[in-house]
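Visitor: Just dropping this structure here.
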Amino acid sequence: MSGFVVREATAGDAEGIRRLFARVFGREMTAEEWSWKFEQNPDGWYGVVAVVNGEIVGNYAGWGTRLVID
């Protein structure tokens, strides 16, 4: 497959991730929702995108969670 790349996601990928989300889940993720879940998350976020010829075709994202034990 020509032009296939897997790399860490950046805030600049938001539009492409949101477009993919709408295609997969059949509903729009607003810019505000994306920002709240990712950019504004106080625990941070980590994501990976798959890109084919400049279009995001896959996304995996995780969120850190603070734990207090005892």
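Following the order of the structure tokens, chains are lettered A, B, ..., residues in each are numbered from 1, and ligands are numbered from 1.
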Show which residues sit within 10 Å of range 34-38 of chain A, as a list in words. Count only C-alpha atoms, and ignore same-chain residues fewer than 2 positions away.
Guide: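 The residues that qualify are Thr10, Ala11, Ala14, Glu15, Ile17, Arg18, Met29, Thr30, Ala31, Glu32, Gln40, Asn41, Pro42, Asp43, Gly44, Trp45, Tyr46, Gly47, Ala61, Gly62 and Trp63 of chain A.
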Visitor: With all heavy atoms retained, export the selected residues as a short mmCIF file (atom, residue, chain, number, x, y, z; two decimals), in the first residue's frame.
Guide:
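The resulting result.cif:
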data_model
loop_
_atom_site.label_atom_id
_atom_site.label_comp_id
_atom_site.auth_asym_id
_atom_site.auth_seq_id
_atom_site.Cartn_x
_atom_site.Cartn_y
_atom_site.Cartn_z
N THR A 10 -1.04 14.03 16.74
CA THR A 10 -0.77 15.37 17.27
C THR A 10 -2.08 16.15 17.28
O THR A 10 -3.07 15.75 16.65
CB THR A 10 0.26 16.12 16.41
OG1 THR A 10 -0.34 16.39 15.13
CG2 THR A 10 1.55 15.32 16.24
N ALA A 11 -2.07 17.28 17.95
CA ALA A 11 -3.27 18.14 17.97
C ALA A 11 -3.66 18.55 16.55
O ALA A 11 -4.84 18.74 16.27
CB ALA A 11 -3.02 19.37 18.84
N ALA A 14 -6.55 16.66 14.66
CA ALA A 14 -7.92 16.69 15.20
C ALA A 14 -8.98 16.61 14.11
O ALA A 14 -9.92 15.82 14.21
CB ALA A 14 -8.13 17.94 16.05
N GLU A 15 -8.86 17.39 13.08
CA GLU A 15 -9.88 17.41 12.03
C GLU A 15 -10.00 16.05 11.35
O GLU A 15 -11.10 15.53 11.13
CB GLU A 15 -9.58 18.49 11.00
CG GLU A 15 -10.67 18.64 9.96
CD GLU A 15 -10.38 19.78 8.99
OE1 GLU A 15 -9.77 20.78 9.39
OE2 GLU A 15 -10.78 19.64 7.83
N ILE A 17 -9.10 13.10 12.60
CA ILE A 17 -9.61 12.14 13.57
C ILE A 17 -11.12 12.30 13.71
O ILE A 17 -11.87 11.32 13.73
CB ILE A 17 -8.90 12.29 14.92
CG1 ILE A 17 -7.43 11.87 14.81
CG2 ILE A 17 -9.62 11.47 16.01
CD1 ILE A 17 -6.58 12.22 16.02
N ARG A 18 -11.58 13.54 13.75
CA ARG A 18 -13.01 13.80 13.87
C ARG A 18 -13.77 13.33 12.63
O ARG A 18 -14.87 12.79 12.72
CB ARG A 18 -13.26 15.29 14.13
CG ARG A 18 -12.79 15.72 15.52
CD ARG A 18 -12.96 17.21 15.80
NE ARG A 18 -14.25 17.68 15.39
CZ ARG A 18 -14.44 18.70 14.54
NH1 ARG A 18 -13.43 19.38 14.04
NH2 ARG A 18 -15.66 19.07 14.21
N MET A 29 -18.19 14.27 16.09
CA MET A 29 -17.55 14.67 17.33
C MET A 29 -17.18 16.14 17.14
O MET A 29 -16.38 16.47 16.27
CB MET A 29 -16.28 13.86 17.63
CG MET A 29 -15.56 14.32 18.90
SD MET A 29 -13.94 13.58 19.18
CE MET A 29 -14.38 11.89 19.48
N THR A 30 -17.79 17.01 17.91
CA THR A 30 -17.53 18.44 17.74
C THR A 30 -16.09 18.77 18.11
O THR A 30 -15.42 18.01 18.83
CB THR A 30 -18.47 19.27 18.62
OG1 THR A 30 -18.16 19.01 20.00
CG2 THR A 30 -19.94 18.98 18.33
N ALA A 31 -15.63 19.91 17.64
CA ALA A 31 -14.29 20.37 18.00
C ALA A 31 -14.17 20.55 19.50
O ALA A 31 -13.12 20.25 20.09
CB ALA A 31 -13.98 21.69 17.27
N GLU A 32 -15.24 20.99 20.14
CA GLU A 32 -15.23 21.19 21.59
C GLU A 32 -15.10 19.86 22.32
O GLU A 32 -14.38 19.74 23.31
CB GLU A 32 -16.50 21.92 22.04
CG GLU A 32 -16.61 23.35 21.57
CD GLU A 32 -17.06 23.48 20.10
OE1 GLU A 32 -17.59 22.49 19.52
OE2 GLU A 32 -16.87 24.56 19.54
N GLN A 40 -7.50 19.20 26.39
CA GLN A 40 -7.71 19.76 27.72
C GLN A 40 -7.63 18.72 28.84
O GLN A 40 -7.79 19.07 30.01
CB GLN A 40 -9.06 20.47 27.78
CG GLN A 40 -9.16 21.65 26.85
CD GLN A 40 -10.55 22.26 26.88
OE1 GLN A 40 -11.28 22.15 27.84
NE2 GLN A 40 -10.91 22.91 25.79
N ASN A 41 -7.40 17.48 28.52
CA ASN A 41 -7.34 16.43 29.53
C ASN A 41 -6.14 16.69 30.45
O ASN A 41 -5.00 16.67 29.99
CB ASN A 41 -7.21 15.06 28.87
CG ASN A 41 -7.27 13.92 29.86
OD1 ASN A 41 -6.95 14.06 31.03
ND2 ASN A 41 -7.68 12.77 29.37
N PRO A 42 -6.37 16.95 31.74
CA PRO A 42 -5.25 17.26 32.64
C PRO A 42 -4.28 16.10 32.82
O PRO A 42 -3.13 16.32 33.20
CB PRO A 42 -5.94 17.62 33.96
CG PRO A 42 -7.28 17.00 33.88
CD PRO A 42 -7.65 16.97 32.43
N ASP A 43 -4.73 14.88 32.54
CA ASP A 43 -3.85 13.72 32.66
C ASP A 43 -3.13 13.41 31.35
O ASP A 43 -2.37 12.47 31.27
CB ASP A 43 -4.65 12.49 33.11
CG ASP A 43 -5.17 12.65 34.52
OD1 ASP A 43 -4.47 13.26 35.35
OD2 ASP A 43 -6.28 12.18 34.80
N GLY A 44 -3.43 14.18 30.31
CA GLY A 44 -2.78 13.98 29.02
C GLY A 44 -3.48 12.94 28.18
O GLY A 44 -4.47 12.34 28.59
N TRP A 45 -3.00 12.75 26.98
CA TRP A 45 -3.54 11.75 26.07
C TRP A 45 -2.44 11.25 25.17
O TRP A 45 -1.43 11.92 24.97
CB TRP A 45 -4.71 12.29 25.25
CG TRP A 45 -4.35 13.33 24.22
CD1 TRP A 45 -4.10 14.65 24.46
CD2 TRP A 45 -4.18 13.15 22.83
NE1 TRP A 45 -3.81 15.29 23.29
CE2 TRP A 45 -3.84 14.40 22.26
CE3 TRP A 45 -4.29 12.05 21.98
CZ2 TRP A 45 -3.61 14.58 20.91
CZ3 TRP A 45 -4.05 12.24 20.64
CH2 TRP A 45 -3.73 13.49 20.11
N TYR A 46 -2.61 10.06 24.68
CA TYR A 46 -1.66 9.48 23.74
C TYR A 46 -2.47 8.85 22.62
O TYR A 46 -3.42 8.12 22.88
CB TYR A 46 -0.81 8.40 24.42
CG TYR A 46 0.13 7.73 23.46
CD1 TYR A 46 1.29 8.39 23.04
CD2 TYR A 46 -0.14 6.49 22.93
CE1 TYR A 46 2.14 7.80 22.13
CE2 TYR A 46 0.70 5.89 22.02
CZ TYR A 46 1.85 6.55 21.63
OH TYR A 46 2.69 5.98 20.72
N GLY A 47 -2.10 9.16 21.41
CA GLY A 47 -2.82 8.61 20.28
C GLY A 47 -1.87 8.22 19.16
O GLY A 47 -0.76 8.73 19.05
N ALA A 61 -6.49 5.80 20.59
CA ALA A 61 -6.17 6.82 21.58
C ALA A 61 -6.41 6.28 22.98
O ALA A 61 -7.31 5.49 23.21
CB ALA A 61 -7.02 8.07 21.36
N GLY A 62 -5.60 6.76 23.89
CA GLY A 62 -5.74 6.38 25.30
C GLY A 62 -5.57 7.59 26.18
O GLY A 62 -4.98 8.60 25.79
N TRP A 63 -6.11 7.49 27.34
CA TRP A 63 -6.05 8.59 28.30
C TRP A 63 -5.39 8.10 29.57
O TRP A 63 -5.70 7.01 30.06
CB TRP A 63 -7.45 9.09 28.64
CG TRP A 63 -8.20 9.60 27.46
CD1 TRP A 63 -8.23 10.88 27.01
CD2 TRP A 63 -9.02 8.85 26.57
NE1 TRP A 63 -9.02 10.97 25.90
CE2 TRP A 63 -9.52 9.75 25.60
CE3 TRP A 63 -9.39 7.53 26.48
CZ2 TRP A 63 -10.35 9.35 24.57
CZ3 TRP A 63 -10.21 7.13 25.46
CH2 TRP A 63 -10.69 8.04 24.52
#
Visitor: So which residues of range 3-66 of chain A fall under strand (DSSP E) by DSSP, listed as a list in words?
Guide: Phe4, Val5, Val6, Arg7, Glu8, Trp45, Tyr46, Gly47, Val48, Val49, Ala50, Val51, Val52, Glu55, Ile56, Val57, Gly58, Asn59, Tyr60, Ala61, Gly62 and Trp63 of chain A
Visitor: To one decimal place in Å, what is the distance between CA of Arg66 in chain A and CA of Arg27 in chain A?
Guide: 29.6 Å
Visitor: Going by DSSP on the backbone, which residues of chain A come out as helix (DSSP H, G or I)? List them as a ChimeraX atom specification.
Guide: /A:11-25,31-39
Visitor: Save the residues we just selected, N, CA, C and O atoms, as an mmCIF file, in the first residue's frame?
Guide:
data_model
loop_
_atom_site.group_PDB
_atom_site.id
_atom_site.type_symbol
_atom_site.label_atom_id
_atom_site.label_comp_id
_atom_site.auth_asym_id
_atom_site.auth_seq_id
_atom_site.Cartn_x
_atom_site.Cartn_y
_atom_site.Cartn_z
ATOM 1 N N ALA A 11 -2.070 17.284 17.951
ATOM 2 C CA ALA A 11 -3.269 18.139 17.970
ATOM 3 C C ALA A 11 -3.664 18.553 16.555
ATOM 4 O O ALA A 11 -4.845 18.739 16.269
ATOM 5 N N GLY A 12 -2.700 18.637 15.650
ATOM 6 C CA GLY A 12 -2.986 18.997 14.266
ATOM 7 C C GLY A 12 -3.778 17.938 13.507
ATOM 8 O O GLY A 12 -4.295 18.206 12.423
ATOM 9 N N ASP A 13 -3.907 16.745 14.093
ATOM 10 C CA ASP A 13 -4.674 15.668 13.461
ATOM 11 C C ASP A 13 -6.154 15.705 13.834
ATOM 12 O O ASP A 13 -6.932 14.866 13.371
ATOM 13 N N ALA A 14 -6.549 16.658 14.662
ATOM 14 C CA ALA A 14 -7.917 16.690 15.198
ATOM 15 C C ALA A 14 -8.977 16.613 14.108
ATOM 16 O O ALA A 14 -9.922 15.816 14.213
ATOM 17 N N GLU A 15 -8.859 17.394 13.079
ATOM 18 C CA GLU A 15 -9.881 17.406 12.030
ATOM 19 C C GLU A 15 -10.001 16.047 11.350
ATOM 20 O O GLU A 15 -11.103 15.535 11.126
ATOM 21 N N GLY A 16 -8.865 15.440 11.036
ATOM 22 C CA GLY A 16 -8.883 14.123 10.392
ATOM 23 C C GLY A 16 -9.424 13.040 11.312
ATOM 24 O O GLY A 16 -10.150 12.145 10.873
ATOM 25 N N ILE A 17 -9.095 13.103 12.596
ATOM 26 C CA ILE A 17 -9.607 12.137 13.567
ATOM 27 C C ILE A 17 -11.118 12.301 13.709
ATOM 28 O O ILE A 17 -11.867 11.322 13.734
ATOM 29 N N ARG A 18 -11.578 13.539 13.754
ATOM 30 C CA ARG A 18 -13.014 13.803 13.869
ATOM 31 C C ARG A 18 -13.774 13.333 12.627
ATOM 32 O O ARG A 18 -14.866 12.788 12.724
ATOM 33 N N ARG A 19 -13.173 13.519 11.462
ATOM 34 C CA ARG A 19 -13.792 13.061 10.204
ATOM 35 C C ARG A 19 -13.899 11.526 10.208
ATOM 36 O O ARG A 19 -14.933 10.962 9.851
ATOM 37 N N LEU A 20 -12.840 10.853 10.657
ATOM 38 C CA LEU A 20 -12.856 9.396 10.751
ATOM 39 C C LEU A 20 -13.904 8.941 11.770
ATOM 40 O O LEU A 20 -14.659 7.996 11.517
ATOM 41 N N PHE A 21 -13.976 9.601 12.912
ATOM 42 C CA PHE A 21 -14.957 9.268 13.941
ATOM 43 C C PHE A 21 -16.370 9.319 13.374
ATOM 44 O O PHE A 21 -17.173 8.400 13.586
ATOM 45 N N ALA A 22 -16.685 10.374 12.633
ATOM 46 C CA ALA A 22 -18.025 10.522 12.045
ATOM 47 C C ALA A 22 -18.320 9.396 11.055
ATOM 48 O O ALA A 22 -19.425 8.855 11.032
ATOM 49 N N ARG A 23 -17.310 9.028 10.263
ATOM 50 C CA ARG A 23 -17.505 7.967 9.267
ATOM 51 C C ARG A 23 -17.743 6.618 9.951
ATOM 52 O O ARG A 23 -18.590 5.837 9.525
ATOM 53 N N VAL A 24 -17.025 6.362 11.039
ATOM 54 C CA VAL A 24 -17.120 5.068 11.711
ATOM 55 C C VAL A 24 -18.345 4.972 12.614
ATOM 56 O O VAL A 24 -19.044 3.966 12.629
ATOM 57 N N PHE A 25 -18.616 6.027 13.392
ATOM 58 C CA PHE A 25 -19.673 5.960 14.401
ATOM 59 C C PHE A 25 -20.985 6.621 13.970
ATOM 60 O O PHE A 25 -21.979 6.555 14.694
ATOM 61 N N ALA A 31 -15.629 19.912 17.641
ATOM 62 C CA ALA A 31 -14.288 20.374 17.997
ATOM 63 C C ALA A 31 -14.172 20.548 19.502
ATOM 64 O O ALA A 31 -13.122 20.253 20.094
ATOM 65 N N GLU A 32 -15.243 20.994 20.140
ATOM 66 C CA GLU A 32 -15.231 21.192 21.588
ATOM 67 C C GLU A 32 -15.104 19.857 22.324
ATOM 68 O O GLU A 32 -14.376 19.745 23.309
ATOM 69 N N GLU A 33 -15.824 18.840 21.844
ATOM 70 C CA GLU A 33 -15.740 17.517 22.460
ATOM 71 C C GLU A 33 -14.334 16.944 22.298
ATOM 72 O O GLU A 33 -13.762 16.394 23.235
ATOM 73 N N TRP A 34 -13.769 17.077 21.100
ATOM 74 C CA TRP A 34 -12.422 16.567 20.871
ATOM 75 C C TRP A 34 -11.427 17.262 21.795
ATOM 76 O O TRP A 34 -10.601 16.614 22.435
ATOM 77 N N SER A 35 -11.528 18.578 21.881
ATOM 78 C CA SER A 35 -10.621 19.344 22.729
ATOM 79 C C SER A 35 -10.749 18.929 24.183
ATOM 80 O O SER A 35 -9.751 18.758 24.891
ATOM 81 N N TRP A 36 -11.985 18.745 24.647
ATOM 82 C CA TRP A 36 -12.215 18.347 26.035
ATOM 83 C C TRP A 36 -11.615 16.977 26.320
ATOM 84 O O TRP A 36 -10.981 16.761 27.346
ATOM 85 N N LYS A 37 -11.808 16.032 25.407
ATOM 86 C CA LYS A 37 -11.315 14.671 25.615
ATOM 87 C C LYS A 37 -9.801 14.572 25.491
ATOM 88 O O LYS A 37 -9.181 13.733 26.144
ATOM 89 N N PHE A 38 -9.207 15.371 24.614
ATOM 90 C CA PHE A 38 -7.791 15.212 24.309
ATOM 91 C C PHE A 38 -6.946 16.391 24.773
ATOM 92 O O PHE A 38 -6.195 16.271 25.730
ATOM 93 N N GLU A 39 -7.046 17.517 24.115
ATOM 94 C CA GLU A 39 -6.168 18.662 24.417
ATOM 95 C C GLU A 39 -6.289 19.161 25.854
ATOM 96 O O GLU A 39 -5.300 19.530 26.465
#
Visitor: What is the CA of Glu28 in chain A to CA of Gly54 in chain A distance in Å?
Guide: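 Here the two named atoms are 20.8 Å from each other.
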Visitor: How far is it from CA of Tyr60 in chain A to CA of Gly26 in chain A, in Å with one decimal?
Guide: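 Separation of CA of Tyr60 in chain A and CA of Gly26 in chain A: 17.6 Å.
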Visitor: Give the answer as one residue: which of A:Asn53, A:Val48, A:Gly58, A:Asp70 has the shortest atom-to-atom distance to Glu8 in chain A, using only C-alpha atoms?
Guide: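 Using only C-alpha atoms, Glu8 in chain A sits closest to A:Val48.
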